[in-house]
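Enquirer: One file is attached below, protein-v2.txt, containing compact mmCIF, C-alpha atoms and all ligand atoms.
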```
# COMPACT_ATOMS: atom_id res chain seq x y z
CA MET A 18 -6.69 3.37 -17.95
CA SER A 19 -3.93 5.85 -17.39
CA THR A 20 -0.84 5.14 -19.49
CA LYS A 21 1.47 7.76 -18.06
CA THR A 22 5.09 6.67 -18.53
CA PRO A 23 7.71 6.74 -17.27
CA PRO A 24 6.53 6.62 -13.67
CA PRO A 25 8.11 9.04 -11.18
CA THR A 26 11.05 7.72 -9.21
CA VAL A 27 13.30 8.64 -6.29
CA GLY A 28 16.73 7.70 -7.58
CA GLU A 29 16.07 4.43 -9.37
CA THR A 30 13.13 3.48 -7.18
CA ARG A 31 9.50 3.71 -8.30
CA ILE A 32 7.25 4.81 -5.43
CA LEU A 33 3.61 3.76 -5.06
CA ALA A 34 1.38 4.78 -2.15
CA CYS A 35 -2.02 3.33 -1.25
CA SER A 36 -4.33 5.77 0.46
CA VAL A 37 -7.87 7.00 1.03
CA ILE A 38 -9.57 8.48 4.03
CA ALA A 39 -11.79 5.63 5.09
CA GLY A 40 -10.87 2.62 7.15
CA GLY A 41 -11.12 -0.80 5.58
CA ALA A 42 -10.74 0.29 1.96
CA GLY A 43 -8.20 -2.45 1.34
CA LYS A 44 -5.06 -0.30 1.44
CA THR A 45 -2.98 -2.77 3.43
CA GLN A 46 -4.08 -5.84 1.49
CA ASP A 47 -3.53 -4.02 -1.79
CA VAL A 48 0.00 -2.99 -0.79
CA ILE A 49 0.91 -6.45 0.49
CA ASN A 50 -0.54 -8.31 -2.46
CA LEU A 51 0.94 -6.00 -5.08
CA ALA A 52 4.29 -6.00 -3.31
CA ASN A 53 4.29 -9.80 -3.22
CA GLU A 54 3.31 -9.98 -6.88
CA ALA A 55 6.06 -7.52 -7.81
CA ALA A 56 8.62 -9.46 -5.74
CA ALA A 57 7.58 -12.76 -7.36
CA ARG A 58 8.14 -11.09 -10.74
CA GLY A 59 11.77 -10.63 -9.75
CA ASN A 60 11.61 -6.98 -8.68
CA LYS A 61 13.38 -5.91 -5.50
CA VAL A 62 10.55 -4.53 -3.41
CA GLY A 63 10.18 -2.59 -0.17
CA VAL A 64 7.00 -2.04 1.85
CA ALA A 65 6.99 0.99 4.16
CA ASP A 66 4.40 0.68 6.93
CA PHE A 67 3.28 4.20 7.86
CA ASP A 68 0.03 3.19 9.53
CA PRO A 69 0.09 3.25 13.36
CA GLN A 70 -2.14 0.14 13.22
CA ARG A 71 0.88 -1.58 11.60
CA THR A 72 -1.20 -4.31 9.95
CA ALA A 73 1.28 -4.59 7.08
CA SER A 74 4.14 -5.28 9.50
CA HIS A 75 1.99 -7.87 11.24
CA ILE A 76 1.07 -9.76 8.06
CA LEU A 77 4.67 -9.61 6.87
CA GLY A 78 5.83 -11.46 9.97
CA TYR A 79 6.37 -8.89 12.73
CA GLN A 80 3.65 -8.68 15.34
CA ASP A 81 5.94 -6.62 17.55
CA PRO A 82 9.40 -5.51 16.51
CA PRO A 83 12.16 -7.55 18.15
CA ASP A 84 13.82 -5.82 21.15
CA GLY A 85 16.04 -2.97 20.08
CA GLN A 86 14.89 -3.19 16.47
CA PRO A 87 14.46 0.36 15.10
CA THR A 88 11.27 1.25 13.25
CA ILE A 89 10.27 3.99 10.84
CA PHE A 90 9.52 6.14 13.90
CA ASP A 91 13.20 6.01 14.94
CA VAL A 92 14.16 7.06 11.43
CA LEU A 93 11.72 9.97 11.65
CA GLN A 94 13.17 10.97 15.01
CA GLY A 95 16.65 10.96 13.50
CA ASN A 96 17.76 8.22 15.91
CA CYS A 97 18.83 5.81 13.20
CA ARG A 98 19.22 5.51 9.45
CA LEU A 99 16.53 4.22 7.12
CA GLU A 100 18.39 0.96 6.50
CA ASP A 101 18.33 0.19 10.23
CA ALA A 102 14.53 -0.01 10.17
CA VAL A 103 14.48 -2.49 7.27
CA VAL A 104 13.80 -6.18 7.95
CA PRO A 105 13.24 -9.11 5.59
CA ALA A 106 9.54 -9.71 4.99
CA ARG A 107 8.45 -13.20 6.05
CA TYR A 108 5.41 -15.39 6.60
CA ARG A 109 4.54 -17.73 9.40
CA ILE A 110 5.10 -21.46 8.91
CA LYS A 111 4.52 -22.66 12.48
CA ASP A 112 3.68 -21.41 15.98
CA GLY A 113 6.22 -19.51 18.03
CA ASP A 114 8.04 -16.21 18.02
CA ASP A 115 11.58 -17.12 17.05
CA ASP A 116 12.92 -16.83 13.53
CA SER A 117 12.37 -20.54 12.82
CA ALA A 118 8.59 -19.95 12.95
CA PHE A 119 8.87 -17.84 9.80
CA ARG A 120 10.11 -18.19 6.22
CA GLN A 121 11.57 -15.20 4.38
CA ILE A 122 9.85 -13.92 1.27
CA PRO A 123 12.38 -13.57 -1.56
CA ASN A 124 12.93 -10.02 -2.90
CA LEU A 125 10.67 -8.43 -0.29
CA GLU A 126 11.68 -6.15 2.59
CA LEU A 127 9.70 -4.25 5.17
CA ILE A 128 10.32 -0.84 6.71
CA LEU A 129 8.84 -1.61 10.10
CA GLY A 130 5.78 0.21 11.35
CA THR A 131 4.91 1.00 14.96
CA PRO A 132 1.99 2.45 16.94
CA GLN A 133 4.34 5.36 17.74
CA MET A 134 3.60 6.68 14.27
CA ALA A 135 0.41 8.11 15.80
CA ASP A 136 2.68 10.45 17.84
CA ALA A 137 4.56 11.35 14.69
CA GLU A 138 1.43 12.94 13.28
CA VAL A 139 1.39 15.36 16.23
CA ASN A 140 5.16 15.93 16.47
CA LEU A 141 5.51 16.69 12.79
CA GLY A 142 2.61 19.11 12.94
CA LEU A 143 4.53 21.20 15.46
CA ASP A 144 7.58 21.42 13.20
CA PRO A 145 7.24 23.96 10.37
CA ALA A 146 9.40 21.80 8.11
CA GLY A 147 7.78 18.57 9.35
CA VAL A 148 6.23 17.75 6.03
CA LEU A 149 9.68 17.49 4.44
CA TRP A 150 11.16 14.85 6.75
CA LEU A 151 10.60 11.87 4.45
CA GLN A 152 11.84 13.67 1.37
CA ASN A 153 15.05 14.48 3.26
CA VAL A 154 15.42 10.91 4.53
CA LEU A 155 14.97 9.42 1.07
CA ASP A 156 17.25 11.98 -0.60
CA GLU A 157 20.01 11.32 1.90
CA GLN A 158 19.51 7.72 2.97
CA MET A 159 17.75 5.77 0.22
CA PRO A 160 20.00 2.72 -0.14
CA GLU A 161 21.15 2.85 -3.77
CA GLY A 162 19.90 -0.01 -5.92
CA ARG A 163 18.12 -1.67 -3.02
CA TRP A 164 14.54 -1.45 -4.27
CA ASP A 165 13.05 -1.28 -7.75
CA ILE A 166 9.70 -0.46 -6.21
CA LEU A 167 8.79 0.95 -2.80
CA PHE A 168 5.17 0.73 -1.61
CA PHE A 169 3.76 2.89 1.17
CA ASP A 170 0.86 1.67 3.29
CA CYS A 171 -0.82 4.79 4.66
CA GLY A 172 -3.15 5.08 7.62
CA PRO A 173 -6.76 6.16 7.23
CA THR A 174 -6.05 9.82 7.96
CA LEU A 175 -5.17 12.71 5.72
CA GLY A 176 -2.67 14.35 8.03
CA ILE A 177 0.93 15.32 7.82
CA LEU A 178 2.22 11.76 7.43
CA LEU A 179 0.26 11.42 4.22
CA LEU A 180 1.45 14.84 3.05
CA SER A 181 5.04 13.88 3.80
CA ILE A 182 4.61 10.88 1.51
CA ALA A 183 2.88 13.04 -1.09
CA MET A 184 5.89 15.40 -1.01
CA ILE A 185 8.00 12.71 -2.69
CA ASN A 186 5.59 12.61 -5.64
CA PRO A 187 4.55 8.97 -5.49
CA GLU A 188 1.98 7.37 -7.75
CA VAL A 189 -1.01 7.51 -5.44
CA ILE A 190 -3.47 4.64 -5.59
CA GLY A 191 -6.84 5.65 -4.16
CA CYS A 192 -8.36 2.52 -2.63
CA VAL A 193 -12.06 1.76 -2.49
CA ALA A 194 -14.04 -1.26 -1.36
CA ASP A 195 -17.67 -2.28 -1.41
CA GLU A 196 -19.34 0.72 0.21
CA PHE A 197 -20.22 4.22 -0.83
CA LYS A 198 -18.25 5.77 2.02
CA TYR A 199 -15.08 4.95 0.09
CA ILE A 200 -16.23 7.16 -2.79
CA ILE A 201 -16.48 10.06 -0.35
CA GLY A 202 -13.08 9.06 1.05
CA LEU A 203 -11.65 9.23 -2.46
CA GLN A 204 -13.03 12.74 -2.95
CA ASP A 205 -11.54 13.79 0.36
CA LEU A 206 -8.16 12.36 -0.62
CA GLU A 207 -8.23 14.30 -3.90
CA GLU A 208 -9.16 17.51 -2.08
CA THR A 209 -6.35 17.04 0.42
CA LEU A 210 -3.81 16.54 -2.36
CA GLU A 211 -5.15 19.58 -4.22
CA LYS A 212 -4.75 21.69 -1.09
CA GLY A 213 -1.25 20.26 -0.61
CA ALA A 214 -0.40 21.19 -4.19
CA LYS A 215 -1.47 24.81 -3.56
CA LYS A 216 0.36 25.08 -0.27
CA PHE A 217 3.58 23.27 -1.18
CA ARG A 218 3.90 23.95 -4.90
CA ARG A 219 7.22 25.68 -4.46
CA PHE A 220 8.60 22.50 -2.91
CA GLY A 221 7.64 20.64 -6.08
CA PHE A 222 4.42 19.12 -4.74
CA LYS A 223 2.28 17.96 -7.65
CA THR A 224 0.90 14.69 -6.37
CA GLU A 225 -2.57 13.57 -7.38
CA VAL A 226 -4.53 10.34 -7.37
CA GLN A 227 -3.23 8.48 -10.40
CA HIS A 228 -4.94 5.13 -9.99
CA ILE A 229 -8.10 3.85 -8.33
CA LEU A 230 -8.17 0.31 -7.03
CA ALA A 231 -11.41 -1.37 -5.99
CA THR A 232 -11.27 -4.50 -3.87
CA ASN A 233 -13.63 -6.74 -1.93
CA ILE A 234 -16.17 -6.53 -4.75
CA PRO A 235 -18.44 -9.55 -5.37
CA LEU A 236 -17.77 -10.74 -8.93
CA ASN A 237 -19.36 -13.61 -10.88
CA ALA A 238 -17.40 -16.18 -12.89
CA ASP A 239 -17.29 -13.81 -15.88
CA GLY A 240 -15.69 -11.10 -13.79
CA GLU A 241 -18.85 -8.99 -13.65
CA ILE A 242 -20.20 -7.45 -10.47
CA ARG A 243 -22.86 -9.65 -8.84
CA ARG A 244 -25.50 -7.07 -8.10
CA SER A 245 -27.51 -9.59 -6.11
CA ALA A 246 -24.54 -9.97 -3.76
CA GLY A 247 -23.80 -6.31 -3.41
CA ALA A 248 -25.92 -3.49 -4.81
CA VAL A 249 -23.82 -1.07 -2.81
CA ALA A 250 -20.60 -2.32 -4.35
CA ASP A 251 -22.20 -2.09 -7.77
CA ASP A 252 -23.29 1.49 -7.12
CA ALA A 253 -19.84 2.43 -5.87
CA ILE A 254 -18.17 1.10 -9.02
CA LYS A 255 -20.82 2.79 -11.17
CA ALA A 256 -20.02 6.08 -9.43
CA ILE A 257 -16.38 5.65 -10.46
CA ARG A 258 -17.12 4.54 -14.01
CA SER A 259 -19.55 7.40 -14.62
CA ASN A 260 -17.02 10.03 -13.52
CA PRO A 261 -14.78 10.85 -16.50
CA ASP A 262 -11.92 11.93 -14.17
CA TRP A 263 -12.03 8.60 -12.38
CA SER A 264 -13.05 6.03 -14.99
CA GLU A 265 -9.72 6.12 -16.81
CA LYS A 266 -7.86 5.66 -13.53
CA LEU A 267 -9.78 2.55 -12.47
CA LEU A 268 -7.50 -0.49 -12.28
CA PRO A 269 -8.79 -4.08 -12.69
CA ILE A 270 -11.11 -4.95 -9.80
CA ILE A 271 -10.02 -7.37 -7.07
CA ARG A 272 -12.82 -9.77 -6.27
CA ARG A 273 -14.17 -10.55 -2.83
CA LYS A 274 -12.70 -13.70 -1.31
CA GLN A 275 -13.16 -14.64 2.31
CA ARG A 276 -9.57 -15.95 2.68
CA PHE A 277 -8.28 -12.35 2.90
CA LYS A 278 -9.44 -12.23 6.51
CA ASP A 279 -7.21 -15.18 7.44
CA THR A 280 -4.04 -13.45 6.23
CA ILE A 281 -3.88 -11.39 9.41
CA VAL A 282 -4.53 -14.21 11.86
CA GLN A 283 -2.12 -16.55 10.11
CA GLN A 284 0.48 -13.89 9.24
CA LYS A 285 0.59 -15.07 5.66
CA PRO A 286 -0.03 -12.96 2.56
CA LEU A 287 -2.69 -14.46 0.30
CA ARG A 288 -0.24 -15.99 -2.19
CA TYR A 289 1.30 -18.13 0.59
CA LEU A 290 -1.96 -18.79 2.42
CA ASP A 291 -3.93 -19.89 -0.63
CA PRO A 292 -1.78 -19.91 -3.79
CA ARG A 293 -4.67 -20.92 -6.05
CA ASN A 294 -7.00 -18.14 -4.93
CA GLU A 295 -8.66 -16.47 -7.93
CA ALA A 296 -8.11 -13.03 -6.41
CA LEU A 297 -4.39 -13.55 -7.13
CA ASP A 298 -5.23 -13.44 -10.86
CA ASP A 299 -6.94 -10.08 -10.27
CA ILE A 300 -3.86 -8.85 -8.42
CA ALA A 301 -1.63 -9.96 -11.32
CA ALA A 302 -3.93 -8.02 -13.69
CA VAL A 303 -3.54 -4.92 -11.51
CA ALA A 304 0.26 -5.36 -11.53
CA ASP A 305 0.15 -5.62 -15.35
CA ALA A 306 -1.98 -2.46 -15.56
CA LEU A 307 0.60 -0.71 -13.37
CA HIS A 308 3.34 -1.93 -15.75
CA ILE A 309 5.17 -3.79 -13.01
CA PRO A 310 7.77 -5.67 -15.03
CA ARG A 311 8.52 -9.38 -15.02
CA ARG A 312 12.26 -9.49 -14.48
CA ASN A 313 12.53 -13.25 -14.15
CA SER A 314 11.78 -15.96 -16.68
CA THR A 315 9.92 -18.26 -14.27
CA ARG A 316 6.32 -17.18 -13.99
CA LYS A 317 5.44 -19.09 -10.88
CA ARG A 318 2.86 -17.57 -8.60
N1 LIG B 1 -10.70 -8.70 -1.96
C1 LIG B 1 -11.08 -8.86 -0.68
N2 LIG B 1 -11.97 -9.83 -0.35
C2 LIG B 1 -12.37 -10.01 0.93
N3 LIG B 1 -11.93 -9.27 1.95
C3 LIG B 1 -11.05 -8.29 1.69
C4 LIG B 1 -10.58 -8.03 0.36
N4 LIG B 1 -9.70 -6.99 0.42
C5 LIG B 1 -9.63 -6.63 1.71
N5 LIG B 1 -10.44 -7.39 2.47
C6 LIG B 1 -10.66 -7.32 3.92
O1 LIG B 1 -11.21 -6.05 4.23
C7 LIG B 1 -10.70 -5.59 5.46
C8 LIG B 1 -9.99 -4.25 5.23
O2 LIG B 1 -8.86 -4.45 4.42
P1 LIG B 1 -7.50 -3.72 4.73
O3 LIG B 1 -7.07 -3.99 6.12
O4 LIG B 1 -6.55 -4.02 3.65
O5 LIG B 1 -8.01 -2.21 4.61
P2 LIG B 1 -7.28 -0.87 5.04
O6 LIG B 1 -7.74 0.17 4.10
O7 LIG B 1 -5.82 -1.09 5.13
O8 LIG B 1 -7.88 -0.62 6.48
P3 LIG B 1 -7.34 0.38 7.60
O9 LIG B 1 -7.88 1.73 7.24
O10 LIG B 1 -7.91 -0.18 8.85
O11 LIG B 1 -5.85 0.34 7.56
C9 LIG B 1 -9.74 -6.65 5.97
O12 LIG B 1 -10.42 -7.48 6.87
C10 LIG B 1 -9.37 -7.41 4.72
O13 LIG B 1 -9.02 -8.74 5.00
MG MG B 2 -4.50 -0.80 6.70
```
Give the structure from the file, written as structure tokens.
Ligand SMILES: Nc1ncnc2c1ncn2[C@@H]1O[C@H](COP(=O)(O)OP(=O)(O)OP(=O)(O)O)[C@@H](O)[C@H]1O
Ligand SMILES: [Mg+2]
Expert:
Amino acid sequence: MSTKTPPPTVGETRILACSVIAGGAGKTQDVINLANEAAARGNKVGVADFDPQRTASHILGYQDPPDGQPTIFDVLQGNCRLEDAVVPARYRIKDGDDDSAFRQIPNLELILGTPQMADAEVNLGLDPAGVLWLQNVLDEQMPEGRWDILFFDCGPTLGILLLSIAMINPEVIGCVADEFKYIIGLQDLEETLEKGAKKFRRFGFKTEVQHILATNIPLNADGEIRRSAGAVADDAIKAIRSNPDWSEKLLPIIRRKQRFKDTIVQQKPLRYLDPRNEALDDIAAVADALHIPRRNSTRKR
């Protein structure tokens, strides 16, 4: 386990980004669950949804942004300030689209995502300084004292949006799930960041994968991988554990639980959908390993 301290920050805010080039690695669930855990621990938390699929925004209560509500794309375009794209995170408590159908999640805010972020990838590529846009926005517009921790949910591409996040030197969490393709995705992510470091070193780029988080892995009651349920998952974790560069970065594993699927349909993060789910203990263990502090005395989950 990596014990690098103190973690890098922008102002007072610690930045964590979940990424890997492979769809379905658990990036969005990892961001949402860790952000909820951190918020429940009394940290002020932001989630920035950079994925054009905008699953994080959906689960956190915004299927489509309300009319006139700016998103991260408007911030990128320079049409509004970062704060204008921030909404309170919430979960659904009944049917309907108005605010009464949702309950706000304490300490948790969302920087709204949008499908337009797919265009951003192209637009930024045409701008020689495109990769610096986020660094500039955060330097100039990060609301002081607003967030202790800011999580980025990245899309499954290694383009300029990812590089723009990497430019702010976040702690990158490489996400893997139960298939070998995620191991290849992790290698690709590392290569992309290495190339970025060569190309943008003079801008201070030194980002690398600092943590590896495996989710959707079948575990038995003792927390060991059930090979009978998933030889592929077992092999994927073995590949990480047998690589000295990776083994020390591996965070506690998040077990497979079917309820994860319902979080999207019901627009409820796991801790509100199924507060007794054992995977929440795994998520708390990951938060501990990441040294996410408990700032409140009540330890309710
Ligand atoms: N621990 C888990 N147990 C069971 N299912 C899980 C677990 N973690 C994630 N999943 C499921 O795996 C699928 C992929 O997860 P998620 O959407 O978080 O991945 P992603 O990396 O964000 O994908 P994308 O690249 O599409 O953005 C989802 O259906 C999610 O509910
Ligand atoms: Mg996702």
Enquirer: Could you check how far atom P2 of ligand LIG 1 (chain B) sits from CA of Leu230 in chain A, in Å to one decimal?
Expert: 12.2 Å
Enquirer: Using all atoms listed in the file, which of the listed residues (A:Asn294, A:Thr280, A:Asn124, A:Asn50) sits closest to Arg312 in chain A?
Expert: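 Ranking A:Asn294, A:Thr280, A:Asn124, A:Asn50 by distance to Arg312 in chain A, first place goes to A:Asn124.
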Enquirer: Per residue of chain A within 8 Å of ligand LIG 1 (chain B), note the shortest atom pair and the distance in Å to one decimal, counting only C-alpha atoms and all ligand atoms, and order the rows by chain and increasing residue number, as a tab-separated table.
Expert:
```
residue	atom	partner	partner_atom	distance
A:Ser36	CA	B:LIG1	O6	7.5
A:Val37	CA	B:LIG1	O6	7.5
A:Ile38	CA	B:LIG1	O9	7.7
A:Ala39	CA	B:LIG1	O9	5.9
A:Gly40	CA	B:LIG1	O9	3.1
A:Gly41	CA	B:LIG1	O8	3.4
A:Ala42	CA	B:LIG1	O6	3.7
A:Gly43	CA	B:LIG1	O4	3.2
A:Lys44	CA	B:LIG1	O6	3.8
A:Thr45	CA	B:LIG1	O7	3.7
A:Gln46	CA	B:LIG1	O4	3.8
A:Asp47	CA	B:LIG1	O4	6.2
A:Val48	CA	B:LIG1	O4	8.0
A:Asp68	CA	B:LIG1	O11	6.8
A:Gln70	CA	B:LIG1	O11	6.8
A:Thr72	CA	B:LIG1	O11	7.0
A:Asp170	CA	B:LIG1	O7	7.5
A:Cys171	CA	B:LIG1	O11	7.3
A:Gly172	CA	B:LIG1	O11	5.5
A:Pro173	CA	B:LIG1	O9	4.6
A:Cys192	CA	B:LIG1	O6	7.2
A:Ala194	CA	B:LIG1	N4	7.4
A:Thr232	CA	B:LIG1	N1	4.6
A:Asn233	CA	B:LIG1	N1	3.5
A:Ile234	CA	B:LIG1	N1	6.5
A:Ile271	CA	B:LIG1	N1	5.3
A:Arg272	CA	B:LIG1	N1	4.9
A:Arg273	CA	B:LIG1	N2	3.4
A:Lys274	CA	B:LIG1	N2	4.1
A:Gln275	CA	B:LIG1	C2	4.9
A:Arg276	CA	B:LIG1	C2	6.8
A:Phe277	CA	B:LIG1	O13	4.2
A:Lys278	CA	B:LIG1	O13	3.8
A:Asp279	CA	B:LIG1	O13	7.1
A:Thr280	CA	B:LIG1	O13	7.0
A:Ile281	CA	B:LIG1	O13	7.3
A:Ala296	CA	B:LIG1	N1	6.7
```
Enquirer: In Å, how far is it from CA of Gln152 in chain A to CA of Leu307 in chain A?
Expert: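 About the pair CA of Gln152 in chain A and CA of Leu307 in chain A: they are 23.5 Å apart.
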Enquirer: Looking at all atoms listed in the file, which of A:Trp164, A:Leu178, A:Tyr108, A:Val189 is the one that sits closest to Asp136 in chain A?
Expert: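 Using all atoms listed in the file, the shortest distance to Asp136 in chain A belongs to A:Leu178.
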Enquirer: Using all atoms listed in the file, which of A:Ser74, A:Gln94, A:Ser259, A:Asn186 sits nearest ligand MG 2 (chain B)?
Expert: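 Using all atoms listed in the file, ligand MG 2 (chain B) sits closest to A:Ser74.
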Enquirer: Which neighbours of Gly142 in chain A fall inside 12 Å, counting all atoms listed in the file, when residues of the same chain fewer than 4 positions from it are skipped, and could you give them as a VMD selection string?
Expert: chain A and resid 135 to 138 146 to 150 176 to 181
Enquirer: Tell me, as a PyMOL selection string, which residues lie within 12 Å of Gln284 in chain A, counting only C-alpha atoms; anything in the same chain fewer than 4 positions away does not count.
Expert: chain A and resi 49+72-80+106-114+118-120+277-280+288-290
Enquirer: Using all atoms listed in the file, pick whichever of A:Ile201, A:Ile254, A:Leu141, A:Met184 has the shortest atom-to-atom distance to Glu241 in chain A.
Expert: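 Residue with the minimum atom-to-atom distance to Glu241 in chain A: A:Ile254.
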